[in-house]
Amino acid sequence: MENQERLRKLYQQYNHDVYDEDQFNAVMNSWKEYQDVINGSDKTKVFQCWRVGESSVNGGETLYHFLMYKATYFCSAKSQGPQPYTDEQDKDKLINKLDQKDTSDALYIRMMKLLDDIYEHRNSPKSMQYVWILQDKAIEALMEAFGVETESSEYWVRSIEVLKKAKDVLGVTSDDIKDIFKLNKFLWWLQDFRSSVLNVNGFTGINLILHGAPGTGKTFTVRHDIEKYLQVNEYPKDCAVEPKYIQFHPSYTYQDFIEGIKPVGIDQNGNLQLAVVNGQFKDFCIEVRKANEAFYKTLSEKEQNMLDPEDPSTYADWPHYFFIVDEINRGNLSSIFGETFTLLEYRDYVFSGTYQKTDTSLVSTPLSIVIAQEANDKNIYKLVNGQPVFGIPFNIHFIGMMNDVDRSIDSFDLALRRRFRWKELSCDYNIIINVLLKNDLGEVEAFVESCRRLNDYLCGTFTSKKKPENSLNLGSTYQLGHAFFLKIRDIVPKGKPIETEHMKELFDEYISGTVKEYIRTVVDTDDEINKLLKQARNLFSKKNKRQRNGRYTQTCHRDQHAVLQIRAFAGASGKALQRSRA
């Protein structure tokens with residue numbers, strides 16, 4: 001029941017998608033065209049409905065593209081493509097059949113099963129809530145989140161049961177299209193977390209290191225998830241503190257992070273004035289301390305008395321705050337944190353406004369005596385019996401990001417390592433597919449295969465269809481992240497296919513510099529480096545075996561990215577969601 005109450009609260013706060021009747025009607029008219037094809041008897045049109053670039057409906061737009069990008073306006077859609085419904089396990093053979101308009105009984109029956117399922121569950125505005133295609137893992141996660149139990153393994157049965165239960169739990173009592181629109185957009189919004197940045201149980205495990213190869217989207221992921229969290233968690237003005245983003249570097253010091261004596265001006269006599277100045281993190285902690293004191297005052301006396309630092313769940317509804325450090329491993333961490341690094345583990349939970357004792361969650365700093373003499377409130381985190389002390393509020397998420405390739409990772413203090421959760425990000429080829437399809441680029445699948453092939457060559461892994469010979473075997477740390485490959489958007493005009501010359505240009509202008517530095521780790525001479533660099537370039541841009549007349553065949557893509565992380569989000573709201581059990 002507690003989990004369901006959290007979901008209801010999140011749903012009530014969700015309000016950032018706006019229903020547009022004209023846009024909805026336009027999408028519904030397109031959907032009607034597909035329904036006519038699906039319900040018809042012309043096998044050729046049925047196949048064309050799935051063929052990229054050659055559909056007979058909607059001016060060439062495919063059903064896949066419609067479900068993937070247009071239908072998401074009023075529903076949560078992720079196309080699974082025809083592949084799971086065919087006897088063919090080899091995608092090349094399947095595509096060849098589609099190219100030849102082969103209407104063999106087995107393939108036709110399997111294709112019609114999918115199309116019939118879509119039509120059966122989506123043929124009227126009243127049942128628009130079922131225009132909804134997600135991966136099985138997504139449905140399983142929703143079943144767990146909403147406590148749905150069914151013995152059926154049928155995708156559509158489980159999908160409908162999830163939606164029925166979601167309407168019940170979230171209090172959606174009407175079939176008005178605006179209500180259904182909000183429900184679907186909320187479920188779609190809920191799943192769109194790209195990492196476990198917010199995968200916490202209450203306020204435990206809130207120190208996180210997000211690491212991985214260059215270009216794997218660490219900064220984007222953090223900003224994306226925090227932005228989405230804040231969209232549905234509005235706190236009173238006095239309790240709101242904006243996320244803080246900073247970057248460490250070799251010259252960053254304790255004085256920049258916590259506090260130090262720094263020049264603040266020149267007096268009338270021309271003498272340099274010095275004063276205690278807060279560092280960026282201390283300033284942030286003081287801001288959050290004030291916000292926590294304001295939030296404490298909003299609680300009833302009963303709620304205040306129930307707070308127990310030994311039981312973080314009693315603080316479940318308190319606001320969350322985010323302090324993010326990019327390139328965290330490039331600083332001298334022991335020097336930057338000083339005596340305060342223990343506070344990452346022993347957080348401060350007391351914010352009544354009256355402080356009479358210290359414990360392991362509060363420490364004196366080297367300048368505490370000077371701060372006491374100055375009596376400057378802006379430099380004081382807390383006063384305990386008249387003495388300034390420093391602490392880190394329990395509800396600050398301390399998030400660090402770093403590239404695994406950077407050699408300074410070795411300097412990451414072991415005492416600090418154990419105080420963090422570690423989340424690795426790698427090249428996400430599904431992001432490449434999704435983004436490039438949204439940009440209407442062609443030959444995406446063949447391009448992604450080339451990306452896999454290059455990473456396999458660098459790392460010695462085996463994710464492409466054929467492992468390259470003479471791999472550098474540098475390990476997964478030296479892969480290229482998807483951000484490198486997405487630069488193809490700057491080279492290929494929208495709506496055009498990705499050609500071999502485009503990939504060569506991408507490699508030369510965006511990739512070669514990084515690959516060259518990778519190669520330096522295994523060879524020394526310029527001749528050897530250039531030889532291997534040329535080999536990598538040729539491997540990346542070589543023609544695909546399915547290439548025809550200078551262009552790759554296009555295929556329907558099975559999206560793999562619709563994996564819900566509802567528990568991660570709910571955890572950031574106070575507690576991780578758990579499946580309801582009797």
# chains A, B, ... in the order shown; residues from 1 in each chain; ligands from 1
call {"tool": "select_by_dssp", "arguments": {"residues": "region 241-474 of chain A", "states": "alpha helix (DSSP H)", "output": "PyMOL selection string"}}
result
chain A and resi 254-257+280-298+301-306+333-337+368-374+414-417+429-438+444-459
call {"tool": "residues_around", "arguments": {"residues": "region 487-491 of chain A", "least_positions_apart": "3", "cutoff": "7 Å", "atoms": "only C-alpha atoms", "output": "list of chain:residue names"}}
result
A:Ala483, A:Phe484, A:His502, A:Leu506
call {"tool": "closest_residue", "arguments": {"among": "A:Phe394, A:Ala536, A:Glu234, A:Val162", "to": "Asn184 (chain A)", "atoms": "only C-alpha atoms"}}
result
A:Val162
call {"tool": "closest_residue", "arguments": {"among": "A:Pro388, A:Pro263, A:Val288, A:Leu208", "to": "Leu344 (chain A)", "atoms": "only C-alpha atoms"}}
result
A:Leu208
call {"tool": "residues_around", "arguments": {"residues": "region 273-279 of chain A", "least_positions_apart": "3", "cutoff": "6 Å", "atoms": "only C-alpha atoms", "output": "list of chain:residue names"}}
result
A:Gln255, A:Asp256, A:Phe257, A:Ile258, A:Glu259, A:Gly260, A:Ile261, A:Lys262, A:Pro263, A:Val264, A:Gly265, A:Ile266, A:Lys282, A:Asp283
call {"tool": "atom_distance", "arguments": {"atom1": "CA of Ala446 (chain A)", "atom2": "CA of Cys427 (chain A)"}}
result
16.4 Å
call {"tool": "closest_residue", "arguments": {"among": "A:Ile286, A:Leu474, A:Leu272, A:Val350", "to": "Asn379 (chain A)", "atoms": "only C-alpha atoms"}}
result
A:Ile286
call {"tool": "closest_residue", "arguments": {"among": "A:Glu154, A:Asp238, A:Asp168, A:Glu327", "to": "Lys297 (chain A)", "atoms": "only C-alpha atoms"}}
result
A:Asp238
call {"tool": "select_by_dssp", "arguments": {"residues": "region 234-352 of chain A", "states": "strand (DSSP E or B)", "output": "list of chain:residue names"}}
result
A:Lys244, A:Tyr245, A:Ile246, A:Gln247, A:Glu259, A:Gly260, A:Ile261, A:Lys262, A:Pro263, A:Val264, A:Gly265, A:Ile266, A:Leu272, A:Gln273, A:Leu274, A:Ala275, A:Val276, A:Val277, A:Asn278, A:Tyr321, A:Phe322, A:Phe323, A:Ile324, A:Val325, A:Asp326, A:Asp348
call {"tool": "write_last_selection", "arguments": {"atoms": "N, CA and C atoms", "output": "mmCIF file, in the first residue's frame"}}
result
data_model
loop_
_atom_site.group_PDB
_atom_site.id
_atom_site.type_symbol
_atom_site.label_atom_id
_atom_site.label_comp_id
_atom_site.auth_asym_id
_atom_site.auth_seq_id
_atom_site.Cartn_x
_atom_site.Cartn_y
_atom_site.Cartn_z
ATOM 1 N N LYS A 244 23.931 21.567 -8.043
ATOM 2 C CA LYS A 244 25.203 22.258 -8.216
ATOM 3 C C LYS A 244 26.150 21.390 -9.017
ATOM 4 N N TYR A 245 26.678 21.935 -10.122
ATOM 5 C CA TYR A 245 27.618 21.220 -10.980
ATOM 6 C C TYR A 245 28.979 21.901 -10.915
ATOM 7 N N ILE A 246 30.031 21.129 -10.602
ATOM 8 C CA ILE A 246 31.382 21.669 -10.608
ATOM 9 C C ILE A 246 32.298 20.665 -11.303
ATOM 10 N N GLN A 247 33.565 21.035 -11.480
ATOM 11 C CA GLN A 247 34.542 20.141 -12.097
ATOM 12 C C GLN A 247 35.849 20.197 -11.322
ATOM 13 N N GLU A 259 36.770 25.390 2.577
ATOM 14 C CA GLU A 259 36.953 26.761 3.042
ATOM 15 C C GLU A 259 38.432 27.115 3.035
ATOM 16 N N GLY A 260 38.720 28.423 3.018
ATOM 17 C CA GLY A 260 40.112 28.877 3.062
ATOM 18 C C GLY A 260 40.172 30.377 3.286
ATOM 19 N N ILE A 261 41.366 30.864 3.608
ATOM 20 C CA ILE A 261 41.586 32.299 3.756
ATOM 21 C C ILE A 261 42.034 32.834 2.409
ATOM 22 N N LYS A 262 41.264 33.760 1.866
ATOM 23 C CA LYS A 262 41.522 34.263 0.518
ATOM 24 C C LYS A 262 41.413 35.792 0.482
ATOM 25 N N PRO A 263 42.038 36.405 -0.518
ATOM 26 C CA PRO A 263 41.887 37.856 -0.685
ATOM 27 C C PRO A 263 40.443 38.210 -1.020
ATOM 28 N N VAL A 264 39.929 39.269 -0.379
ATOM 29 C CA VAL A 264 38.554 39.703 -0.642
ATOM 30 C C VAL A 264 38.496 41.169 -1.064
ATOM 31 N N GLY A 265 39.649 41.818 -1.161
ATOM 32 C CA GLY A 265 39.650 43.214 -1.579
ATOM 33 C C GLY A 265 40.856 43.964 -1.046
ATOM 34 N N ILE A 266 40.849 45.283 -1.225
ATOM 35 C CA ILE A 266 41.920 46.158 -0.749
ATOM 36 C C ILE A 266 41.295 47.274 0.079
ATOM 37 N N LEU A 272 46.064 44.571 1.282
ATOM 38 C CA LEU A 272 45.262 43.423 0.859
ATOM 39 C C LEU A 272 44.452 42.907 2.039
ATOM 40 N N GLN A 273 43.144 42.746 1.825
ATOM 41 C CA GLN A 273 42.265 42.219 2.875
ATOM 42 C C GLN A 273 42.077 40.711 2.686
ATOM 43 N N LEU A 274 42.207 39.982 3.773
ATOM 44 C CA LEU A 274 42.018 38.538 3.761
ATOM 45 C C LEU A 274 40.842 38.161 4.656
ATOM 46 N N ALA A 275 40.130 37.115 4.270
ATOM 47 C CA ALA A 275 38.995 36.647 5.085
ATOM 48 C C ALA A 275 38.750 35.178 4.798
ATOM 49 N N VAL A 276 38.022 34.546 5.704
ATOM 50 C CA VAL A 276 37.613 33.154 5.490
ATOM 51 C C VAL A 276 36.504 33.133 4.438
ATOM 52 N N VAL A 277 36.719 32.339 3.392
ATOM 53 C CA VAL A 277 35.746 32.231 2.298
ATOM 54 C C VAL A 277 35.331 30.767 2.158
ATOM 55 N N ASN A 278 34.040 30.544 2.043
ATOM 56 C CA ASN A 278 33.543 29.178 1.863
ATOM 57 C C ASN A 278 33.897 28.638 0.489
ATOM 58 N N TYR A 321 18.561 16.673 -2.823
ATOM 59 C CA TYR A 321 19.425 17.696 -3.414
ATOM 60 C C TYR A 321 20.628 17.020 -4.069
ATOM 61 N N PHE A 322 21.219 17.704 -5.072
ATOM 62 C CA PHE A 322 22.217 17.050 -5.910
ATOM 63 C C PHE A 322 23.453 17.929 -6.069
ATOM 64 N N PHE A 323 24.595 17.343 -5.713
ATOM 65 C CA PHE A 323 25.895 17.995 -5.916
ATOM 66 C C PHE A 323 26.701 17.103 -6.845
ATOM 67 N N ILE A 324 27.052 17.620 -8.027
ATOM 68 C CA ILE A 324 27.652 16.795 -9.070
ATOM 69 C C ILE A 324 29.050 17.294 -9.394
ATOM 70 N N VAL A 325 30.009 16.372 -9.401
ATOM 71 C CA VAL A 325 31.405 16.698 -9.688
ATOM 72 C C VAL A 325 31.835 15.962 -10.951
ATOM 73 N N ASP A 326 32.114 16.710 -11.999
ATOM 74 C CA ASP A 326 32.650 16.107 -13.222
ATOM 75 C C ASP A 326 34.163 15.954 -13.080
ATOM 76 N N ASP A 348 24.513 14.163 8.392
ATOM 77 C CA ASP A 348 23.812 14.947 9.411
ATOM 78 C C ASP A 348 22.303 14.836 9.204
#
